[in-house]
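Engineer: Sharing entry_18.txt below, compact mmCIF, C-alpha atoms:
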# COMPACT_ATOMS: atom_id res chain seq x y z
CA MET A 192 77.30 -152.84 91.32
CA ARG A 193 75.10 -152.81 88.21
CA PHE A 194 73.90 -149.34 89.19
CA LEU A 195 77.46 -148.05 89.28
CA ARG A 196 78.22 -149.63 85.92
CA GLY A 197 75.18 -147.90 84.49
CA LEU A 198 76.49 -144.54 85.70
CA LEU A 199 79.85 -144.87 83.94
CA PRO A 200 78.57 -143.88 80.46
CA LEU A 201 76.72 -140.93 82.00
CA VAL A 202 79.86 -139.77 83.80
CA ALA A 203 81.86 -140.04 80.58
CA LEU A 204 79.18 -138.03 78.72
CA VAL A 205 79.23 -135.29 81.34
CA GLY A 206 83.02 -135.21 81.19
CA PHE A 207 82.87 -134.77 77.39
CA ALA A 208 80.40 -131.92 77.72
CA CYS A 209 82.70 -130.13 80.17
CA ALA A 210 86.02 -130.92 78.48
CA ARG A 211 88.51 -128.19 79.27
CA SER A 212 92.04 -127.20 78.54
CA SER A 213 95.02 -128.44 80.49
CA THR A 214 96.20 -124.84 81.03
CA GLY A 215 93.03 -122.95 81.95
CA ASP A 216 89.48 -122.09 80.83
CA SER A 217 89.62 -118.28 80.47
CA VAL A 218 89.33 -117.08 76.86
CA LEU A 219 89.54 -113.53 75.53
CA VAL A 220 87.80 -113.02 72.18
CA ILE A 221 89.01 -109.97 70.25
CA LEU A 222 86.19 -109.44 67.74
CA ASP A 223 86.33 -106.98 64.85
CA PRO A 224 83.55 -104.34 64.99
CA SER A 225 82.59 -105.29 61.45
CA LEU A 226 81.75 -108.82 62.62
CA LYS A 227 78.67 -109.78 64.61
CA GLN A 228 78.95 -112.06 67.59
CA ASP A 229 75.70 -113.75 66.61
CA ASP A 230 77.30 -114.93 63.36
CA PHE A 231 79.59 -117.15 65.45
CA SER A 232 76.99 -118.24 68.01
CA ILE A 233 77.50 -121.98 67.41
CA PHE A 234 81.27 -121.85 67.75
CA PHE A 235 81.23 -119.65 70.84
CA GLY A 236 78.31 -121.61 72.29
CA ASP A 237 80.20 -124.90 71.94
CA LEU A 238 83.16 -123.43 73.79
CA GLU A 239 80.94 -122.23 76.63
CA LYS A 240 79.23 -125.61 76.88
CA GLN A 241 82.63 -127.20 77.35
CA GLY A 242 83.32 -124.98 80.33
CA TYR A 243 85.26 -122.10 78.79
CA LYS A 244 84.63 -118.60 80.09
CA LEU A 245 84.52 -116.18 77.16
CA THR A 246 85.21 -112.47 77.45
CA PHE A 247 84.66 -110.19 74.44
CA ARG A 248 86.29 -106.91 73.46
CA SER A 249 87.11 -105.02 70.29
CA PRO A 250 90.69 -104.54 69.04
CA LYS A 251 90.78 -100.87 70.11
CA ASP A 252 89.34 -101.35 73.60
CA ALA A 253 91.70 -101.01 76.54
CA GLN A 254 89.69 -103.23 78.87
CA PRO A 255 89.86 -105.97 79.88
CA GLN A 256 93.63 -106.01 79.85
CA VAL A 257 95.38 -108.98 78.31
CA ILE A 258 98.56 -108.54 80.37
CA LYS A 259 98.54 -106.97 83.82
CA ASP A 260 101.63 -106.55 85.96
CA ASP A 261 103.53 -108.62 83.40
CA VAL A 262 101.15 -111.56 83.97
CA ALA A 263 98.77 -112.91 81.33
CA GLU A 264 95.17 -112.52 82.45
CA PHE A 265 93.77 -115.13 80.04
CA ALA A 266 94.84 -118.66 79.22
CA HIS A 267 93.76 -118.34 75.57
CA VAL A 268 93.15 -115.49 73.13
CA ILE A 269 91.01 -115.63 69.96
CA VAL A 270 91.73 -112.84 67.47
CA PHE A 271 88.88 -112.55 64.97
CA ALA A 272 89.86 -109.13 63.64
CA PRO A 273 90.79 -109.73 60.01
CA ASN A 274 90.01 -106.16 58.90
CA SER A 275 91.44 -104.17 61.81
CA LYS A 276 94.57 -102.13 61.13
CA THR A 277 94.94 -100.54 64.57
CA TYR A 278 95.00 -102.30 67.93
CA ALA A 279 95.18 -101.31 71.56
CA ALA A 280 98.64 -101.27 73.10
CA ASP A 281 98.19 -104.64 74.82
CA VAL A 282 97.10 -106.55 71.69
CA THR A 283 99.64 -105.35 69.15
CA PRO A 284 101.48 -108.05 67.21
CA GLN A 285 104.47 -107.64 69.53
CA SER A 286 102.19 -108.13 72.55
CA LEU A 287 100.74 -111.28 71.01
CA VAL A 288 104.24 -112.72 70.69
CA SER A 289 104.91 -111.94 74.34
CA LEU A 290 101.71 -113.81 75.22
CA LEU A 291 103.18 -116.95 73.69
CA ASN A 292 106.21 -116.52 75.92
CA LYS A 293 103.81 -116.45 78.88
CA ASN A 294 102.26 -119.77 77.75
CA THR A 295 99.05 -118.18 76.41
CA ASN A 296 97.61 -119.89 73.34
CA LEU A 297 96.43 -117.93 70.28
CA LEU A 298 93.83 -118.54 67.57
CA LEU A 299 94.23 -115.95 64.82
CA ALA A 300 92.21 -115.33 61.64
CA LEU A 301 93.71 -113.72 58.53
CA SER A 302 92.12 -112.01 55.56
CA THR A 303 93.02 -110.93 52.05
CA LYS A 304 93.68 -107.38 53.29
CA GLN A 305 97.01 -106.01 54.46
CA THR A 306 96.86 -105.78 58.27
CA PRO A 307 99.37 -105.96 61.15
CA LEU A 308 98.53 -109.66 61.47
CA THR A 309 99.76 -110.15 57.91
CA SER A 310 103.19 -108.87 58.92
CA LEU A 311 103.12 -110.94 62.09
CA ALA A 312 102.44 -114.12 60.11
CA SER A 313 105.84 -113.85 58.43
CA GLU A 314 107.47 -114.11 61.87
CA PHE A 315 105.95 -117.59 62.08
CA SER A 316 107.45 -118.65 58.72
CA LEU A 317 104.13 -118.20 56.92
CA ILE A 318 104.39 -116.64 53.46
CA LEU A 319 101.19 -114.93 52.30
CA PRO A 320 100.28 -113.99 48.73
CA PRO A 321 99.87 -110.32 47.78
CA PRO A 322 96.91 -108.46 49.31
CA GLY A 323 93.61 -109.07 47.59
CA THR A 324 94.60 -112.56 46.48
CA PRO A 325 92.16 -115.15 47.87
CA LEU A 326 92.18 -118.85 47.22
CA VAL A 327 90.17 -119.79 44.14
CA SER A 328 88.96 -123.13 42.84
CA HIS A 329 86.47 -123.94 40.08
CA PHE A 330 86.28 -127.62 41.02
CA PRO A 331 84.13 -129.39 41.91
CA GLN A 332 81.20 -127.74 40.16
CA ARG A 333 78.92 -126.06 42.66
CA ASP A 334 76.50 -123.19 43.03
CA THR A 335 78.80 -121.10 45.25
CA HIS A 336 81.34 -118.42 44.44
CA ALA A 337 84.75 -119.59 43.25
CA THR A 338 86.32 -118.34 46.50
CA VAL A 339 84.01 -120.50 48.66
CA ILE A 340 85.70 -123.87 48.40
CA PRO A 341 84.90 -127.30 49.88
CA VAL A 342 88.11 -128.83 51.22
CA GLU A 343 88.68 -132.43 52.23
CA PRO A 344 90.06 -132.69 55.81
CA PRO A 345 93.29 -134.65 56.28
CA ARG A 346 93.02 -138.38 56.74
CA GLY A 347 94.95 -140.22 59.39
CA SER A 348 95.60 -137.10 61.48
CA SER A 349 95.78 -137.45 65.24
CA ILE A 350 94.50 -133.87 65.64
CA ILE A 351 91.51 -133.82 63.28
CA SER A 352 88.60 -136.23 63.78
CA PRO A 353 88.46 -139.07 61.22
CA ASN A 354 85.87 -139.35 58.43
CA LEU A 355 84.83 -135.69 58.49
CA PRO A 356 82.75 -134.35 55.59
CA PRO A 357 84.38 -131.60 53.51
CA VAL A 358 84.76 -128.22 55.21
CA TRP A 359 83.97 -124.89 53.58
CA PHE A 360 86.78 -122.38 53.29
CA SER A 361 87.00 -118.80 52.09
CA GLY A 362 90.12 -116.77 52.65
CA VAL A 363 93.82 -116.49 51.98
CA PRO A 364 96.25 -119.45 51.66
CA GLN A 365 99.68 -119.66 53.25
CA ALA A 366 102.91 -121.03 51.87
CA LEU A 367 104.94 -122.73 54.58
CA GLY A 368 108.55 -121.92 55.36
CA THR A 369 111.12 -124.39 56.63
CA ASN A 370 110.42 -123.82 60.32
CA PRO A 371 110.10 -127.27 61.97
CA LEU A 372 107.67 -125.86 64.55
CA LEU A 373 104.89 -125.50 61.96
CA VAL A 374 102.03 -128.02 62.06
CA PRO A 375 99.82 -128.00 58.91
CA LEU A 376 96.20 -128.77 59.86
CA LEU A 377 94.40 -128.23 56.54
CA LYS A 378 95.95 -128.21 53.07
CA ALA A 379 94.52 -126.54 49.96
CA PRO A 380 92.93 -128.72 47.25
CA PRO A 381 95.30 -129.70 44.41
CA GLN A 382 93.23 -127.82 41.80
CA SER A 383 93.06 -124.53 43.74
CA PHE A 384 95.18 -121.43 43.26
CA ALA A 385 95.51 -117.89 44.59
CA SER A 386 94.27 -115.14 42.27
CA ASP A 387 92.56 -111.76 42.33
CA ALA A 388 90.59 -112.60 39.19
CA ASP A 389 88.34 -115.28 40.59
CA GLY A 390 85.77 -114.90 37.86
CA ASP A 391 88.06 -116.27 35.12
CA SER A 392 89.18 -119.87 34.96
CA SER A 393 91.56 -119.53 32.02
CA ALA A 394 95.24 -120.38 32.15
CA ASP A 395 96.13 -116.68 31.94
CA VAL A 396 94.94 -116.24 35.50
CA LEU A 397 97.48 -118.76 36.77
CA VAL A 398 100.28 -117.02 34.90
CA GLU A 399 99.32 -113.63 36.32
CA ALA A 400 99.09 -115.11 39.82
CA ALA A 401 102.59 -116.52 39.50
CA GLU A 402 103.99 -113.20 38.27
CA LYS A 403 102.36 -111.18 41.04
CA GLY A 404 103.19 -113.62 43.78
CA GLY A 405 106.93 -113.26 43.60
CA GLU A 406 107.26 -116.64 45.32
CA GLY A 407 106.37 -118.82 42.37
CA LEU A 408 102.98 -120.26 41.52
CA TRP A 409 100.51 -120.03 44.43
CA ALA A 410 98.63 -123.21 43.69
CA GLY A 411 97.99 -126.77 44.75
CA SER A 412 98.24 -128.74 47.95
CA GLN A 413 101.59 -127.18 48.80
CA LEU A 414 99.55 -124.33 50.27
CA SER A 415 98.13 -124.49 53.78
CA LEU A 416 94.79 -123.06 54.87
CA VAL A 417 94.98 -123.71 58.61
CA THR A 418 98.43 -123.90 60.19
CA GLY A 419 99.46 -124.55 63.76
CA PHE A 420 102.64 -123.37 65.42
CA GLN A 421 104.06 -124.71 68.68
CA THR A 422 106.81 -122.84 70.50
CA LEU A 423 109.67 -124.53 72.31
CA LYS A 424 107.82 -123.76 75.56
CA ASN A 425 104.77 -125.64 74.19
CA ALA A 426 102.55 -122.58 73.73
CA ARG A 427 100.39 -122.94 70.62
CA ALA A 428 99.24 -120.53 67.93
CA THR A 429 96.94 -121.43 65.05
CA TRP A 430 96.60 -119.33 61.88
CA VAL A 431 93.36 -119.62 59.92
CA GLY A 432 93.19 -118.23 56.40
CA GLY A 433 89.63 -116.95 56.81
CA VAL A 434 87.29 -116.23 59.69
CA ASP A 435 84.27 -117.45 57.71
CA MET A 436 85.21 -121.05 58.58
CA PHE A 437 83.82 -120.44 62.09
CA THR A 438 80.53 -118.78 61.09
CA ASP A 439 77.11 -120.33 61.57
CA GLU A 440 76.56 -120.07 57.82
CA PHE A 441 79.48 -122.38 57.03
CA PHE A 442 78.59 -124.66 59.94
CA ASN A 443 75.08 -125.23 58.57
CA LYS A 444 75.99 -125.14 54.89
CA GLU A 445 75.31 -128.39 53.06
CA VAL A 446 78.05 -130.18 51.18
CA ALA A 447 77.33 -130.37 47.46
CA LYS A 448 78.93 -133.81 47.22
CA ILE A 449 76.64 -135.16 49.96
CA ARG A 450 73.24 -133.57 49.55
CA GLY A 451 71.36 -133.04 52.76
CA LYS A 452 74.45 -133.44 54.95
CA GLN A 453 76.04 -130.54 56.75
CA SER A 454 79.67 -129.67 56.31
CA GLY A 455 82.39 -130.74 58.71
CA ASN A 456 83.17 -127.15 59.75
CA ARG A 457 81.69 -127.47 63.22
CA GLN A 458 83.69 -130.52 64.24
CA PHE A 459 86.77 -129.25 62.41
CA ALA A 460 86.59 -125.95 64.30
CA ARG A 461 86.18 -127.89 67.53
CA ASP A 462 89.26 -130.00 66.75
CA VAL A 463 91.33 -126.93 65.87
CA ALA A 464 90.29 -125.18 69.08
CA ALA A 465 91.00 -128.31 71.12
CA TRP A 466 94.55 -128.53 69.78
CA THR A 467 95.17 -124.80 70.10
CA PHE A 468 93.85 -124.66 73.66
CA LYS A 469 95.94 -127.71 74.62
CA GLU A 470 93.13 -130.16 75.16
CA SER A 471 94.45 -132.72 72.69
CA GLU A 472 97.93 -134.12 72.04
CA VAL A 473 99.26 -132.88 75.39
CA LEU A 474 101.95 -135.00 77.07
CA ARG A 475 104.15 -134.49 80.10
CA ILE A 476 106.91 -136.27 81.99
CA ASP A 477 105.67 -136.93 85.50
CA SER A 478 108.96 -138.18 86.97
CA VAL A 479 112.24 -139.88 86.14
CA GLU A 480 114.32 -142.42 88.06
CA HIS A 481 117.83 -143.81 87.72
CA HIS A 482 119.73 -146.37 89.76
CA ARG A 483 122.18 -149.21 89.40
CA VAL A 484 120.96 -152.63 88.41
CA ASN A 485 119.63 -154.65 91.37
CA GLU A 486 119.28 -151.45 93.41
CA THR A 487 116.34 -149.10 93.93
CA SER A 488 117.73 -145.79 95.16
CA PRO A 489 119.66 -143.35 92.94
CA LEU A 490 123.31 -142.60 93.60
CA GLU A 491 124.90 -139.19 93.80
CA MET A 492 127.57 -140.41 91.38
CA TYR A 493 128.17 -143.45 89.24
CA THR A 494 131.35 -145.35 88.47
CA THR A 495 132.58 -146.09 84.98
CA ASN A 496 131.19 -149.33 83.54
CA ASP A 497 128.30 -149.44 86.01
CA ARG A 498 125.07 -151.03 84.80
CA VAL A 499 122.39 -148.33 85.18
CA THR A 500 118.61 -148.45 84.73
CA TYR A 501 116.79 -145.26 83.70
CA THR A 502 112.99 -144.96 83.94
CA ALA A 503 110.60 -142.20 82.85
CA TYR A 504 106.88 -141.95 83.62
CA ILE A 505 104.79 -140.16 80.98
CA SER A 506 101.12 -139.18 81.04
CA LYS A 507 98.65 -137.70 78.57
CA TYR A 508 95.90 -135.20 79.32
CA ASN A 509 92.34 -136.50 79.02
CA PRO A 510 90.02 -133.50 78.46
CA GLU A 511 86.89 -135.58 79.01
CA LEU A 512 87.92 -136.45 82.57
CA GLU A 513 90.07 -133.33 83.06
CA ALA A 514 92.82 -135.58 84.37
CA TRP A 515 96.23 -136.90 83.42
CA GLU A 516 96.40 -140.57 82.49
CA ALA A 517 99.39 -142.86 82.09
CA TYR A 518 100.34 -143.07 78.43
CA SER A 519 102.38 -145.79 76.72
CA GLY A 520 101.76 -144.86 73.09
CA LEU A 521 105.21 -143.47 72.29
CA THR A 522 107.30 -145.86 70.23
CA ASP A 523 110.11 -143.51 69.20
CA LEU A 524 111.22 -142.14 72.56
CA GLN A 525 114.99 -141.92 73.00
CA LEU A 526 117.40 -141.44 75.89
CA GLU A 527 120.80 -139.79 75.57
CA PHE A 528 123.66 -140.01 78.06
CA THR A 529 125.69 -136.96 77.19
CA MET A 530 128.82 -135.06 78.16
CA LEU A 531 128.86 -132.22 75.62
CA ASP A 532 128.10 -134.84 72.96
CA PRO A 533 125.97 -137.97 73.36
CA HIS A 534 128.13 -140.91 74.42
CA ILE A 535 125.10 -143.21 74.44
CA ARG A 536 121.86 -142.83 72.48
CA THR A 537 119.34 -145.61 72.93
CA THR A 538 115.61 -146.21 72.62
CA LEU A 539 113.45 -145.79 75.69
CA PRO A 540 110.70 -148.38 75.12
CA PRO A 541 107.44 -148.69 77.07
CA ILE A 542 107.23 -151.50 79.60
CA ALA A 543 104.46 -153.99 78.89
CA GLY A 544 101.89 -154.25 81.63
CA GLU A 545 102.95 -150.99 83.31
CA PRO A 546 101.12 -148.04 81.67
CA GLY A 547 103.14 -144.87 81.32
CA LYS A 548 106.46 -146.48 82.24
CA TYR A 549 109.44 -146.33 79.89
CA SER A 550 112.71 -147.93 80.95
CA VAL A 551 116.10 -148.99 79.59
CA THR A 552 119.32 -150.45 81.05
CA PHE A 553 122.77 -149.61 79.71
CA ARG A 554 126.43 -149.62 80.71
CA VAL A 555 128.03 -146.32 81.74
CA PRO A 556 130.88 -145.48 79.33
CA ASP A 557 134.48 -145.93 80.45
CA ARG A 558 135.04 -142.20 80.78
CA HIS A 559 134.67 -140.04 83.85
CA GLY A 560 133.18 -136.54 83.92
CA VAL A 561 129.83 -134.76 84.40
CA PHE A 562 127.13 -136.53 82.37
CA LYS A 563 123.42 -135.89 81.83
CA PHE A 564 120.42 -138.15 81.27
CA VAL A 565 118.58 -136.31 78.47
CA ILE A 566 115.12 -136.82 76.95
CA ASN A 567 114.41 -134.48 74.03
CA HIS A 568 111.29 -135.67 72.20
CA LYS A 569 109.93 -133.28 69.55
CA ARG A 570 107.22 -134.46 67.18
CA LYS A 571 104.73 -132.40 65.14
CA GLY A 572 101.43 -131.95 66.90
CA LEU A 573 102.55 -133.30 70.27
CA THR A 574 103.80 -131.21 73.15
CA PHE A 575 107.56 -131.42 73.43
CA LEU A 576 109.02 -133.62 76.15
CA GLU A 577 112.27 -132.45 77.73
CA SER A 578 114.11 -133.74 80.76
CA SER A 579 117.71 -133.35 81.90
CA THR A 580 119.31 -134.93 84.99
CA VAL A 581 122.96 -134.26 85.84
CA VAL A 582 125.05 -137.07 87.35
CA PRO A 583 128.84 -137.28 87.84
CA VAL A 584 130.72 -140.35 86.60
CA VAL A 585 133.95 -141.10 88.48
CA PRO A 586 136.68 -143.74 88.08
CA PRO A 587 136.76 -146.61 90.60
CA ARG A 588 138.25 -145.99 94.03
CA HIS A 589 141.68 -147.39 94.90
CA ASP A 590 140.00 -150.45 96.38
CA GLY A 591 137.51 -150.72 93.57
CA TYR A 592 139.88 -152.27 91.06
CA PRO A 593 140.41 -156.07 90.93
CA ARG A 594 143.60 -157.19 92.64
CA PHE A 595 144.86 -159.03 89.59
CA LEU A 596 144.03 -158.40 85.97
CA SER A 597 143.92 -161.39 83.66
CA ALA A 598 145.31 -159.33 80.79
CA ALA A 599 148.42 -158.51 82.87
CA TRP A 600 149.56 -162.07 83.56
CA PRO A 601 152.53 -161.84 81.15
CA TYR A 602 153.78 -158.80 83.03
CA TYR A 603 153.24 -160.53 86.38
CA ALA A 604 155.19 -163.57 85.13
CA GLY A 605 158.03 -161.37 83.86
CA ALA A 606 158.30 -159.51 87.16
CA PHE A 607 158.19 -162.68 89.28
CA SER A 608 160.68 -164.53 87.06
CA THR A 609 163.12 -161.60 87.17
CA SER A 610 162.87 -161.41 90.95
CA ALA A 611 163.33 -165.17 91.33
CA ALA A 612 166.34 -165.14 89.00
CA PHE A 613 167.95 -162.34 90.98
CA VAL A 614 167.45 -164.20 94.29
CA ILE A 615 168.92 -167.38 92.86
CA PHE A 616 171.88 -165.50 91.45
CA VAL A 617 172.61 -163.82 94.77
CA ALA A 618 172.28 -167.08 96.65
CA LEU A 619 174.72 -168.83 94.34
CA TRP A 620 177.13 -165.95 94.59
CA LEU A 621 177.14 -165.92 98.36
CA ALA A 622 177.28 -169.68 98.75
CA GLY A 623 180.14 -170.17 96.32
CA ASP A 624 183.72 -171.59 97.32
CA GLU A 625 186.27 -169.21 98.77
CA ARG A 626 189.70 -169.54 97.05
CA GLU A 627 193.02 -168.06 98.29
CA PRO A 628 194.63 -165.67 95.89
CA ARG A 629 197.70 -167.02 94.03
CA LYS A 630 201.09 -165.71 94.94
CA ALA A 631 203.00 -163.94 92.29
CA LYS A 632 206.26 -165.47 91.02
CA GLY A 633 209.46 -164.17 92.63
CA SER A 634 207.67 -162.92 95.68
CA LYS A 635 209.67 -163.34 98.91
CA THR A 636 208.32 -164.54 102.14
CA GLU A 637 209.19 -162.59 105.19
Could you render the structure as structure tokens?
Structural biologist:
Amino acid sequence: MRFLRGLLPLVALVGFACARSSTGDSVLVILDPSLKQDDFSIFFGDLEKQGYKLTFRSPKDAQPQVIKDDVAEFAHVIVFAPNSKTYAADVTPQSLVSLLNKNTNLLLALSTKQTPLTSLASEFSLILPPPGTPLVSHFPQRDTHATVIPVEPPRGSSIISPNLPPVWFSGVPQALGTNPLLVPLLKAPPQSFASDADGDSSADVLVEAAEKGGEGLWAGSQLSLVTGFQTLKNARATWVGGVDMFTDEFFNKEVAKIRGKQSGNRQFARDVAAWTFKESEVLRIDSVEHHRVNETSPLEMYTTNDRVTYTAYISKYNPELEAWEAYSGLTDLQLEFTMLDPHIRTTLPPIAGEPGKYSVTFRVPDRHGVFKFVINHKRKGLTFLESSTVVPVVPPRHDGYPRFLSAAWPYYAGAFSTSAAFVIFVALWLAGDEREPRKAKGSKTE
């Protein structure tokens, strides 16, 4: 028994080393010819150590095909082609959008140049500054160029590892639209701004940047540097403002604030890839149940005012074990009982002592028709949970009503009293004395 307990940490370590995606381990890397694969050896090596199978090609190559016979050949696609302006027919921006519809995840890197990816970014509600306008920051003081900026990772994020050192960034920022499917992963520092005159720190540069931008002042933490996007079908795409974040140089570069300590780029890149490839924050509904109270089997139809119990079982993907585990961490899950509009909306709380089980009991509304049990849980960063079960609701049968209603006693009393009065009246009428009719005066007897 002690021997088995000693093996548990080793098994967990092996599982971490081979952590994989919940949707597949095949990855196509589209690498710009101007970039060297060796410059990204750490990032690509980490992916291979975790069990991913990487395939490389340039943007203009026709093989290997991304889509064949209308089926995606890869579970994930990395597009590190920030300078390419022409692509093969199967990796055009329109083809990349179709990959998302086929549940293929994308990791895309932008640049300060005008490329087809720049136009594609606007389809994801990302607003980019004019070409040739990188992010610039003169703070904190450092011995690097003004466009090479240390950025503090977000705190309290469920996607990014906690307590990461600053990460180095060099590239183009993105202003976010109002699309609710956007998931900001890394925000720009408050003192940074977008400008093509990175050598000057005067206020005139900010004014010129605002005039050229056309969208207002491109500055501050309102800008995003790494932005995720999750479709309604739960495919994920992540936009990175610069490909240099994934290079070995930035991975090994020391942080000026913490001398002798490497930057957080390596772990940050790992976290971004894990979210994009659907390793982390992946939920699913395993099954749902519904039945009347004190029963166990579901009915084909329910009667108005029935007491019904609805139960959902939810699990979360564990990339270390490559398995789905029961998950009870949702505290804002809701259930709707709808017929066109929700007639009942109630919380669906987790059941203590039963991992992954969420259950609620409610009374069916006093209205018959075709209803649906609906779960529609959409939260930033998490995969969307959707479930819909159709059930008819009918009025009680002719023998399903109570024989007497307490509210109708006045009407019963009125009906019975009227009937009794009529019987008494008839009885008195029939049992009354018979009297001979009086003879009229002057009448003669025969």
Engineer: Kindly indicate which residue among A:Pro533, A:Gly215, A:Pro601, A:Pro583 lies nearest to Tyr243 in chain A, using all atoms listed in the file for the distances.
Structural biologist: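 Closest residue, counting all atoms listed in the file: A:Gly215.
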Engineer: At a cut-off of 8 Å around the point (99.8, -128.5, 74.0) (file coordinates), what residues fall inside when counting all atoms listed in the file? I'd like the answer as a PyMOL selection string.
Structural biologist: chain A and resi 421+425-427+466-474+573-574
Engineer: Return the single residue from A:Leu245, A:Leu287, A:Ala598, A:Val282 that is closest to Glu314 in chain A, with distances computed using all atoms listed in the file.
Structural biologist: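 With all atoms listed in the file as the atom set, the closest residue is A:Leu287.
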Engineer: Would you mind reading off the distance between CA of Leu576 in chain A and CA of Ser212 in chain A, one decimal, in Å?
Structural biologist: 18.3 Å
Engineer: Can you tell me, as a list of chain:residue names, what residues are no more than 8 Å from His482 in chain A when counting all atoms listed in the file, ignoring any on the same chain fewer than 3 positions away?
Structural biologist: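 These residues fall inside the cut-off: A:Glu486, A:Thr487, A:Ser488, A:Pro489, A:Leu490, A:Val499, A:Thr500, A:Tyr501.
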Engineer: Let's have the selection written as a short mmCIF file (atom, residue, chain, number, x, y, z; two decimals), in the coordinates of the input, with C-alpha atoms.
Structural biologist:
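What ended up in out.cif:
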data_model
loop_
_atom_site.label_atom_id
_atom_site.label_comp_id
_atom_site.auth_asym_id
_atom_site.auth_seq_id
_atom_site.Cartn_x
_atom_site.Cartn_y
_atom_site.Cartn_z
CA GLU A 486 119.28 -151.45 93.41
CA THR A 487 116.34 -149.10 93.93
CA SER A 488 117.73 -145.79 95.16
CA PRO A 489 119.66 -143.35 92.94
CA LEU A 490 123.31 -142.60 93.60
CA VAL A 499 122.39 -148.33 85.18
CA THR A 500 118.61 -148.45 84.73
CA TYR A 501 116.79 -145.26 83.70
#
Engineer: Just the number, please: distance in Å from CA of Gly433 in chain A to CA of Asn294 in chain A, one decimal.
Structural biologist: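 For CA of Gly433 in chain A relative to CA of Asn294 in chain A, the distance reads 24.6 Å.
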Engineer: When you look at range 321-329 of chain A with a cut-off of 8 Å (counting only C-alpha atoms), what residues show up, excluding the ones that are within fewer than 4 positions of it in the same chain? I need them as a PyMOL selection string.
Structural biologist: chain A and resi 303-305+337-340+361-364+382-387+389+392+403-404
Engineer: Axis-aligned box over every listed atom of range 588-592 of chain A, padded by 8 Å per side: centre and edges in Å to one decimal, as AutoDock Vina command-line options?
Structural biologist:
--center_x 139.6 --center_y -149.1 --center_z 93.7 --size_x 20.2 --size_y 22.3 --size_z 21.3
Engineer: One number please: CA of Ser506 in chain A to CA of Gly547 in chain A, in Å, one decimal.
Structural biologist: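 That distance, rounded to one decimal, is 6.0 Å.
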Engineer: Hey, which of A:Glu440, A:Val463, A:Ser316, A:Ala428 ends up closest to Leu377 in chain A? Count all atoms listed in the file.
Structural biologist: A:Val463
Engineer: Could I get the residues of range 395-512 of chain A with an atom no further than 12 Å from an atom of range 541-546 of chain A, each paired with its nearest atom pair and that distance in Å to one decimal, using all atoms listed in the file, sorted by chain and residue number, as a tab-separated table?
Structural biologist:
residue	atom	partner	partner_atom	distance
A:Tyr501	CA	A:Pro541	CA	12.0
A:Thr502	CA	A:Pro541	CA	9.6
A:Ala503	CA	A:Pro541	CA	9.2
A:Tyr504	CA	A:Pro546	CA	8.6
A:Ile505	CA	A:Pro546	CA	8.7
A:Ser506	CA	A:Pro546	CA	8.9
A:Lys507	CA	A:Pro546	CA	11.1
Engineer: Skipping near chain neighbours, those fewer than 5 positions away, what residues fall within 10 Å of Ala253 in chain A using all atoms listed in the file, listed as a list in words?
Structural biologist: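 Selected residues are Arg248, Tyr278, Ala279, Ala280, Asp281 and Val282 of chain A.
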Engineer: Would you output that residue set with C-alpha atoms, as a PDB file, in the coordinates of the input?
Structural biologist:
ATOM      1  CA  ARG A 248      86.290-106.910  73.460  1.00  0.00           C
ATOM      2  CA  TYR A 278      95.000-102.300  67.930  1.00  0.00           C
ATOM      3  CA  ALA A 279      95.180-101.310  71.560  1.00  0.00           C
ATOM      4  CA  ALA A 280      98.640-101.270  73.100  1.00  0.00           C
ATOM      5  CA  ASP A 281      98.190-104.640  74.820  1.00  0.00           C
ATOM      6  CA  VAL A 282      97.100-106.550  71.690  1.00  0.00           C
TER       7      VAL A 282
END
Engineer: If we count all atoms listed in the file, what is near Ile351 in chain A at a cut-off of 9 Å, once residues fewer than 6 positions away on the same chain are taken out, given as a PyMOL selection string?
Structural biologist: chain A and resi 344-345+376+458-459+462-463+466
Engineer: With all atoms listed in the file as the counted atoms, please give the residues lying no more than 10 Å from Ser217 in chain A, apart from itself and same-chain residues fewer than 4 positions off, as a list in words.
Structural biologist: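 Returned residues: Ser212, Gly242, Tyr243, Lys244, Leu245, Thr246, Glu264, Phe265, Ala266, His267 and Val268 of chain A.
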Engineer: When you count only C-alpha atoms, which of these residues is closest to Phe562 in chain A: A:Thr538, A:Thr494, A:Thr522, A:Ser608?
Structural biologist: A:Thr494
Engineer: With only C-alpha atoms as the atoms that count, which of A:Lys424, A:Lys452, A:Arg536, A:Arg483 lies nearest to Glu577 in chain A?
Structural biologist: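 Closest to Glu577 in chain A of all the choices is A:Lys424.
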Engineer: Of the residues A:Ser313, A:Thr537, A:Thr580, A:Thr295, which is the one nearest to Met492 in chain A, using all atoms listed in the file?
Structural biologist: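 Among the listed residues, A:Thr580 lies closest to Met492 in chain A.
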